[in-house]
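S.K.: Okay, here's the structure, questions in a sec.
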Amino acid sequence: MHWIIWVICIGASLNFLLLISMIFLEKRKPENIIAWMTTLTFLPVVGFIFYIVFGSGLSVRIRRMIKRKAISERDIIRNIKGIETLEEAKIKDVYKKDVGLITLAYSFGAYPLPGNDIKIFTDGMTVFQALKKDIINAKKSINIEYYIFADDATGNEMMSLLCQKAREGIEVNLIYDSIGSRKAPRRFFRKLEKAGGKVGEFFPPFGHIRLLNLKMNYRNHRKIVVIDGKIGYTGGVNIRDDHMGKHKKLKPWRDAHVRIEGAGVYGLQNIFLDDWRYATNDSTPPKIYLENGYFPSPEIKGDASVQVLSSGPDSEIHKIKETYVKLITTAKHKVYIQTPYFIPDDTVFSAIAIAVRSGVDVRIMVPKIPDKHAVYLATLSYLKEMVEMGVKVYFYNGFLHSKTLIVDNNKLSIGSCNMDNRSFALNFEDTVLIYSKKHNEEFVKLFEKDVNSSMQVDENYFKKKKWITKILQAIMRLLSSLL
């Protein structure tokens, strides 16, 4: 029996040390600490292993290296001839009403860039076809970064095209996330290297053994493509068959992706280069990127103005989340949200509550068909409260992977960031703020069309849930900051 006492003492000591670390060294939020301590208390051994693998924060060394490799978007853009200053941008009619929002995003490194042509896609196959066409027409460079780049029919078709362009002498650089693309073997990516392209793996595991990745909780969730520094793509669509609508259970697959042509591409290029410099330990001086055509002279391609935001666990500021809060709390008429997972922290929850109580029409749409059941249970718990406070909640009849936020009549956000704690705090994400009445109206119509393919739920929907489901919802909500 003495060994049991020893095990209990050791377990208690480890839990105490982890608690001290979370409070004083990592400075975690109280709800995050409570969730981990609950896990460690009821699952002392398994919980400890889970913490080491999923809960430990990024090391100081990694944070410093990411910051050291990062390039200031403002420093890059200031050296591009023909780009207006922030002060010049803010006096324009398109920006006058949103100076506070623009200044906030600018403080996070997102430069306001006018004159963009924007195309919005709502399904993966359409994105894929448009992307292939632009890659085929590439003349200088293709920078491509995906959370999931699968070794399936879709992935192989894209890989073959990239290899072809590399053999033609086009510069092709590819970043893939180690966890998101874990099912794709390394020999799959070596095809591109053999063809003359370059590949970087974000947060590779120890000894190239996928199960030995102590940074697996921190994922590069971005989906970015930049072609010749002139055309950019980002949004929710990955390079995998199910994102093309080929998954039997997750159909129809509704997504949101955006194609940008114009100066707004600079923001996406800058994010890619930051990730590339870290993933490959590249030390190219920033001026070389300007000289090599990564940031060509701006051309007026359309009438939309954009700001490209990035966020990640390398920063203590949750940039995209704070921008979302600003958007929601300053809304005057409507806030329409589409997200596959809805797990807001207290700040986002309060922002939505303030908007509803101020008379703003708030609508949230999530998928009716879940792909991650634990996260979905937590989502249901929060949506129940949303309905009770007056939010209109819809379940899309299929799988909704869109990550969009529509505010009033001229602001729209499309990117890779879900409305949950993982995206806000643990993943490397990006989103594009689009200031355009035309595109806002276009997406409002798309949202309303989705409403016709959705089920609106009320309080009775949640009351009718089985008691076991309600218990599981409560448990998953308690652990929601870890999901």
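FYI, nothing fancy with the structure tokens labels: chains A, B, ... in order, residues from 1 per chain, ligands from 1 as they appear.
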What's the 6 Å shell around segment 379-388 of chain A, counting only C-alpha atoms, without same-chain residues fewer than 3 positions away, as a list of chain:residue names?

M.R.: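 Counting only C-alpha atoms, the residues come to A:Phe342, A:Ile343, A:Tyr376, A:Val391, A:Gln473.
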
S.K.: Pick out each residue of segment 72-311 of chain A that DSSP on the backbone tags as alpha helix (DSSP H); I need them as an MDAnalysis selection string.

M.R.: chainID A and resid 73:78 86:90 93:96 99:107 124:136 153:167 186:194 265:279 286:291

S.K.: Just write the chosen residues, C-alpha atoms, as a PDB file, in the first residue's frame.

M.R.:
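Result file is selection.pdb:
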```pdb
ATOM      1  CA  GLU A  73       4.285  44.329 -42.899  1.00  0.00           C
ATOM      2  CA  ARG A  74       4.382  48.069 -42.354  1.00  0.00           C
ATOM      3  CA  ASP A  75       8.140  48.205 -43.050  1.00  0.00           C
ATOM      4  CA  ILE A  76       7.667  46.218 -46.261  1.00  0.00           C
ATOM      5  CA  ILE A  77       4.704  48.238 -47.516  1.00  0.00           C
ATOM      6  CA  ARG A  78       6.344  51.573 -46.742  1.00  0.00           C
ATOM      7  CA  LEU A  86      -2.533  55.375 -43.229  1.00  0.00           C
ATOM      8  CA  GLU A  87      -3.488  59.019 -42.769  1.00  0.00           C
ATOM      9  CA  GLU A  88      -4.347  59.306 -46.478  1.00  0.00           C
ATOM     10  CA  ALA A  89      -6.391  56.128 -46.315  1.00  0.00           C
ATOM     11  CA  LYS A  90      -8.387  57.133 -43.252  1.00  0.00           C
ATOM     12  CA  ASP A  93     -15.140  57.939 -47.553  1.00  0.00           C
ATOM     13  CA  VAL A  94     -14.754  54.145 -47.428  1.00  0.00           C
ATOM     14  CA  TYR A  95     -12.880  54.423 -44.140  1.00  0.00           C
ATOM     15  CA  LYS A  96     -14.388  57.471 -42.441  1.00  0.00           C
ATOM     16  CA  VAL A  99     -11.462  54.742 -38.287  1.00  0.00           C
ATOM     17  CA  GLY A 100     -11.430  53.024 -34.865  1.00  0.00           C
ATOM     18  CA  LEU A 101     -11.597  49.534 -36.363  1.00  0.00           C
ATOM     19  CA  ILE A 102      -8.983  50.343 -39.010  1.00  0.00           C
ATOM     20  CA  THR A 103      -6.644  51.825 -36.423  1.00  0.00           C
ATOM     21  CA  LEU A 104      -7.042  48.775 -34.173  1.00  0.00           C
ATOM     22  CA  ALA A 105      -6.248  46.339 -36.999  1.00  0.00           C
ATOM     23  CA  TYR A 106      -3.380  48.590 -38.108  1.00  0.00           C
ATOM     24  CA  SER A 107      -1.928  48.437 -34.589  1.00  0.00           C
ATOM     25  CA  GLY A 124     -14.228  23.779 -52.439  1.00  0.00           C
ATOM     26  CA  MET A 125     -14.410  22.549 -56.019  1.00  0.00           C
ATOM     27  CA  THR A 126     -14.973  26.053 -57.399  1.00  0.00           C
ATOM     28  CA  VAL A 127     -12.004  27.311 -55.388  1.00  0.00           C
ATOM     29  CA  PHE A 128      -9.878  24.415 -56.598  1.00  0.00           C
ATOM     30  CA  GLN A 129     -10.658  25.037 -60.271  1.00  0.00           C
ATOM     31  CA  ALA A 130      -9.962  28.784 -60.013  1.00  0.00           C
ATOM     32  CA  LEU A 131      -6.743  28.149 -58.073  1.00  0.00           C
ATOM     33  CA  LYS A 132      -5.488  25.639 -60.650  1.00  0.00           C
ATOM     34  CA  LYS A 133      -6.093  28.132 -63.442  1.00  0.00           C
ATOM     35  CA  ASP A 134      -4.102  30.845 -61.644  1.00  0.00           C
ATOM     36  CA  ILE A 135      -1.256  28.432 -60.835  1.00  0.00           C
ATOM     37  CA  ILE A 136      -1.063  27.322 -64.481  1.00  0.00           C
ATOM     38  CA  ALA A 153      -7.025  12.489 -55.352  1.00  0.00           C
ATOM     39  CA  THR A 154      -7.305  16.251 -54.699  1.00  0.00           C
ATOM     40  CA  GLY A 155      -3.854  16.491 -53.118  1.00  0.00           C
ATOM     41  CA  ASN A 156      -2.175  14.481 -55.862  1.00  0.00           C
ATOM     42  CA  GLU A 157      -3.748  16.590 -58.586  1.00  0.00           C
ATOM     43  CA  MET A 158      -2.491  19.761 -56.926  1.00  0.00           C
ATOM     44  CA  MET A 159       0.942  18.248 -56.223  1.00  0.00           C
ATOM     45  CA  SER A 160       1.334  17.203 -59.865  1.00  0.00           C
ATOM     46  CA  LEU A 161       0.533  20.739 -60.973  1.00  0.00           C
ATOM     47  CA  LEU A 162       3.018  22.279 -58.530  1.00  0.00           C
ATOM     48  CA  CYS A 163       5.724  19.859 -59.654  1.00  0.00           C
ATOM     49  CA  GLN A 164       5.021  20.760 -63.279  1.00  0.00           C
ATOM     50  CA  LYS A 165       5.407  24.487 -62.518  1.00  0.00           C
ATOM     51  CA  ALA A 166       8.622  23.850 -60.573  1.00  0.00           C
ATOM     52  CA  ARG A 167      10.076  21.939 -63.534  1.00  0.00           C
ATOM     53  CA  ARG A 186       6.975  12.768 -46.383  1.00  0.00           C
ATOM     54  CA  ARG A 187       7.695  11.034 -49.670  1.00  0.00           C
ATOM     55  CA  PHE A 188       4.531  12.753 -50.941  1.00  0.00           C
ATOM     56  CA  PHE A 189       6.103  16.189 -50.379  1.00  0.00           C
ATOM     57  CA  ARG A 190       9.518  15.080 -51.629  1.00  0.00           C
ATOM     58  CA  LYS A 191       7.983  14.914 -55.110  1.00  0.00           C
ATOM     59  CA  LEU A 192       7.977  18.705 -55.154  1.00  0.00           C
ATOM     60  CA  GLU A 193      11.555  18.929 -53.880  1.00  0.00           C
ATOM     61  CA  LYS A 194      12.723  16.531 -56.587  1.00  0.00           C
ATOM     62  CA  VAL A 265      -2.246  40.418 -51.529  1.00  0.00           C
ATOM     63  CA  TYR A 266       0.735  42.019 -49.762  1.00  0.00           C
ATOM     64  CA  GLY A 267      -0.734  41.068 -46.389  1.00  0.00           C
ATOM     65  CA  LEU A 268      -1.082  37.393 -47.345  1.00  0.00           C
ATOM     66  CA  GLN A 269       2.427  37.377 -48.829  1.00  0.00           C
ATOM     67  CA  ASN A 270       3.827  38.840 -45.632  1.00  0.00           C
ATOM     68  CA  ILE A 271       2.140  36.163 -43.471  1.00  0.00           C
ATOM     69  CA  PHE A 272       3.434  33.417 -45.756  1.00  0.00           C
ATOM     70  CA  LEU A 273       6.990  34.754 -45.622  1.00  0.00           C
ATOM     71  CA  ASP A 274       6.885  34.956 -41.815  1.00  0.00           C
ATOM     72  CA  ASP A 275       5.849  31.294 -41.656  1.00  0.00           C
ATOM     73  CA  TRP A 276       8.356  30.312 -44.344  1.00  0.00           C
ATOM     74  CA  ARG A 277      11.264  32.007 -42.586  1.00  0.00           C
ATOM     75  CA  TYR A 278      10.442  30.175 -39.370  1.00  0.00           C
ATOM     76  CA  ALA A 279       9.619  26.753 -40.882  1.00  0.00           C
ATOM     77  CA  PRO A 286      13.502  41.586 -46.472  1.00  0.00           C
ATOM     78  CA  LYS A 287      14.799  43.911 -49.227  1.00  0.00           C
ATOM     79  CA  ILE A 288      15.482  40.847 -51.384  1.00  0.00           C
ATOM     80  CA  TYR A 289      11.768  40.024 -51.406  1.00  0.00           C
ATOM     81  CA  LEU A 290      11.082  43.482 -52.799  1.00  0.00           C
ATOM     82  CA  GLU A 291      13.804  43.123 -55.426  1.00  0.00           C
TER      83      GLU A 291
END
```

S.K.: Give me, as JSON, numbers by chain, all polymer residues having an atom no more than 12 Å from Asp177 of chain A, counting only C-alpha atoms and skipping those fewer than 6 positions away in the same chain.

M.R.: {"A": [144, 145, 146, 147, 148, 149, 150, 183, 184, 186, 189, 199, 200, 201, 202, 203, 204, 205, 210, 213, 215, 216, 217, 218, 219, 220, 221, 222, 223, 238, 275, 276, 279, 427, 428]}

S.K.: Smallest atom-to-atom distance to Ala195 of chain A: which of A:Val172, A:Phe462, A:Ser181, A:Arg254, using only C-alpha atoms?

M.R.: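 Looking only at the distances to Ala195 of chain A, the closest residue turns out to be A:Val172.
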
S.K.: Taking only segment 125-217 of chain A into account, list the residues labelled strand (DSSP E) by DSSP (computed from the backbone), as a ChimeraX atom specification.

M.R.: /A:141-146,171-177,198-202

S.K.: Next, dump the selected residues to file, keeping only N, CA, C and O atoms, as an mmCIF file, in the first residue's frame.

M.R.:
```cif
data_model
loop_
_atom_site.group_PDB
_atom_site.id
_atom_site.type_symbol
_atom_site.label_atom_id
_atom_site.label_comp_id
_atom_site.auth_asym_id
_atom_site.auth_seq_id
_atom_site.Cartn_x
_atom_site.Cartn_y
_atom_site.Cartn_z
ATOM 1 N N SER A 141 6.410 33.139 -59.292
ATOM 2 C CA SER A 141 6.458 32.445 -57.997
ATOM 3 C C SER A 141 5.091 31.966 -57.554
ATOM 4 O O SER A 141 4.062 32.574 -57.880
ATOM 5 N N ILE A 142 5.107 30.862 -56.800
ATOM 6 C CA ILE A 142 3.903 30.307 -56.177
ATOM 7 C C ILE A 142 4.250 29.998 -54.733
ATOM 8 O O ILE A 142 5.060 29.114 -54.457
ATOM 9 N N ASN A 143 3.654 30.731 -53.816
ATOM 10 C CA ASN A 143 3.827 30.475 -52.382
ATOM 11 C C ASN A 143 2.526 29.892 -51.858
ATOM 12 O O ASN A 143 1.473 30.526 -51.945
ATOM 13 N N ILE A 144 2.596 28.678 -51.314
ATOM 14 C CA ILE A 144 1.376 27.947 -50.959
ATOM 15 C C ILE A 144 1.519 27.342 -49.561
ATOM 16 O O ILE A 144 2.534 26.734 -49.231
ATOM 17 N N GLU A 145 0.495 27.549 -48.735
ATOM 18 C CA GLU A 145 0.538 27.134 -47.331
ATOM 19 C C GLU A 145 -0.827 26.586 -46.935
ATOM 20 O O GLU A 145 -1.843 27.268 -47.092
ATOM 21 N N TYR A 146 -0.825 25.330 -46.418
ATOM 22 C CA TYR A 146 -2.096 24.706 -46.043
ATOM 23 C C TYR A 146 -1.971 23.938 -44.739
ATOM 24 O O TYR A 146 -0.969 23.260 -44.497
ATOM 25 N N GLU A 171 9.386 29.488 -59.289
ATOM 26 C CA GLU A 171 9.724 29.288 -57.874
ATOM 27 C C GLU A 171 8.482 28.818 -57.116
ATOM 28 O O GLU A 171 7.479 29.529 -57.051
ATOM 29 N N VAL A 172 8.551 27.623 -56.554
ATOM 30 C CA VAL A 172 7.411 27.054 -55.821
ATOM 31 C C VAL A 172 7.849 26.759 -54.392
ATOM 32 O O VAL A 172 8.784 25.976 -54.167
ATOM 33 N N ASN A 173 7.193 27.386 -53.418
ATOM 34 C CA ASN A 173 7.467 27.173 -51.994
ATOM 35 C C ASN A 173 6.203 26.679 -51.314
ATOM 36 O O ASN A 173 5.144 27.306 -51.445
ATOM 37 N N LEU A 174 6.289 25.571 -50.601
ATOM 38 C CA LEU A 174 5.124 24.951 -49.958
ATOM 39 C C LEU A 174 5.362 24.761 -48.469
ATOM 40 O O LEU A 174 6.388 24.219 -48.056
ATOM 41 N N ILE A 175 4.394 25.208 -47.656
ATOM 42 C CA ILE A 175 4.393 24.951 -46.213
ATOM 43 C C ILE A 175 3.183 24.082 -45.902
ATOM 44 O O ILE A 175 2.071 24.365 -46.365
ATOM 45 N N TYR A 176 3.391 23.018 -45.111
ATOM 46 C CA TYR A 176 2.263 22.215 -44.638
ATOM 47 C C TYR A 176 2.380 22.046 -43.132
ATOM 48 O O TYR A 176 3.491 22.010 -42.578
ATOM 49 N N ASP A 177 1.242 21.965 -42.468
ATOM 50 C CA ASP A 177 1.245 21.781 -41.017
ATOM 51 C C ASP A 177 1.455 20.311 -40.679
ATOM 52 O O ASP A 177 0.821 19.426 -41.258
ATOM 53 N N LYS A 198 10.545 23.897 -53.129
ATOM 54 C CA LYS A 198 11.008 23.858 -51.749
ATOM 55 C C LYS A 198 9.824 23.584 -50.825
ATOM 56 O O LYS A 198 8.709 24.047 -51.091
ATOM 57 N N VAL A 199 10.095 22.860 -49.724
ATOM 58 C CA VAL A 199 9.032 22.458 -48.804
ATOM 59 C C VAL A 199 9.448 22.755 -47.368
ATOM 60 O O VAL A 199 10.599 22.500 -46.982
ATOM 61 N N GLY A 200 8.519 23.286 -46.576
ATOM 62 C CA GLY A 200 8.737 23.505 -45.151
ATOM 63 C C GLY A 200 7.630 22.861 -44.339
ATOM 64 O O GLY A 200 6.445 23.018 -44.675
ATOM 65 N N GLU A 201 7.982 22.134 -43.302
ATOM 66 C CA GLU A 201 7.002 21.513 -42.410
ATOM 67 C C GLU A 201 6.899 22.361 -41.150
ATOM 68 O O GLU A 201 7.909 22.606 -40.480
ATOM 69 N N PHE A 202 5.690 22.812 -40.827
ATOM 70 C CA PHE A 202 5.509 23.684 -39.664
ATOM 71 C C PHE A 202 5.406 22.840 -38.398
ATOM 72 O O PHE A 202 4.572 21.941 -38.303
#
```

S.K.: Can you work out which one of A:Trp253, A:Phe447, A:Tyr435, A:Tyr396 has the shortest atom-to-atom distance to Pro112 of chain A, counting only C-alpha atoms?

M.R.: A:Tyr435

S.K.: Taking only C-alpha atoms into account, name the residue in A:Thr284, A:Asn116, A:Gln456, A:Asn137 that is nearest to Lys392 of chain A.

M.R.: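 With only C-alpha atoms as the atom set, the closest residue is A:Gln456.
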
S.K.: For each of A:Gly180, A:Gly264, A:Pro370, A:Pro296, take the minimum atom-to-atom distance to Ala110 of chain A, counting only C-alpha atoms, then give the residue where this is smallest.

M.R.: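 Smallest distance to Ala110 of chain A is found for A:Gly264.
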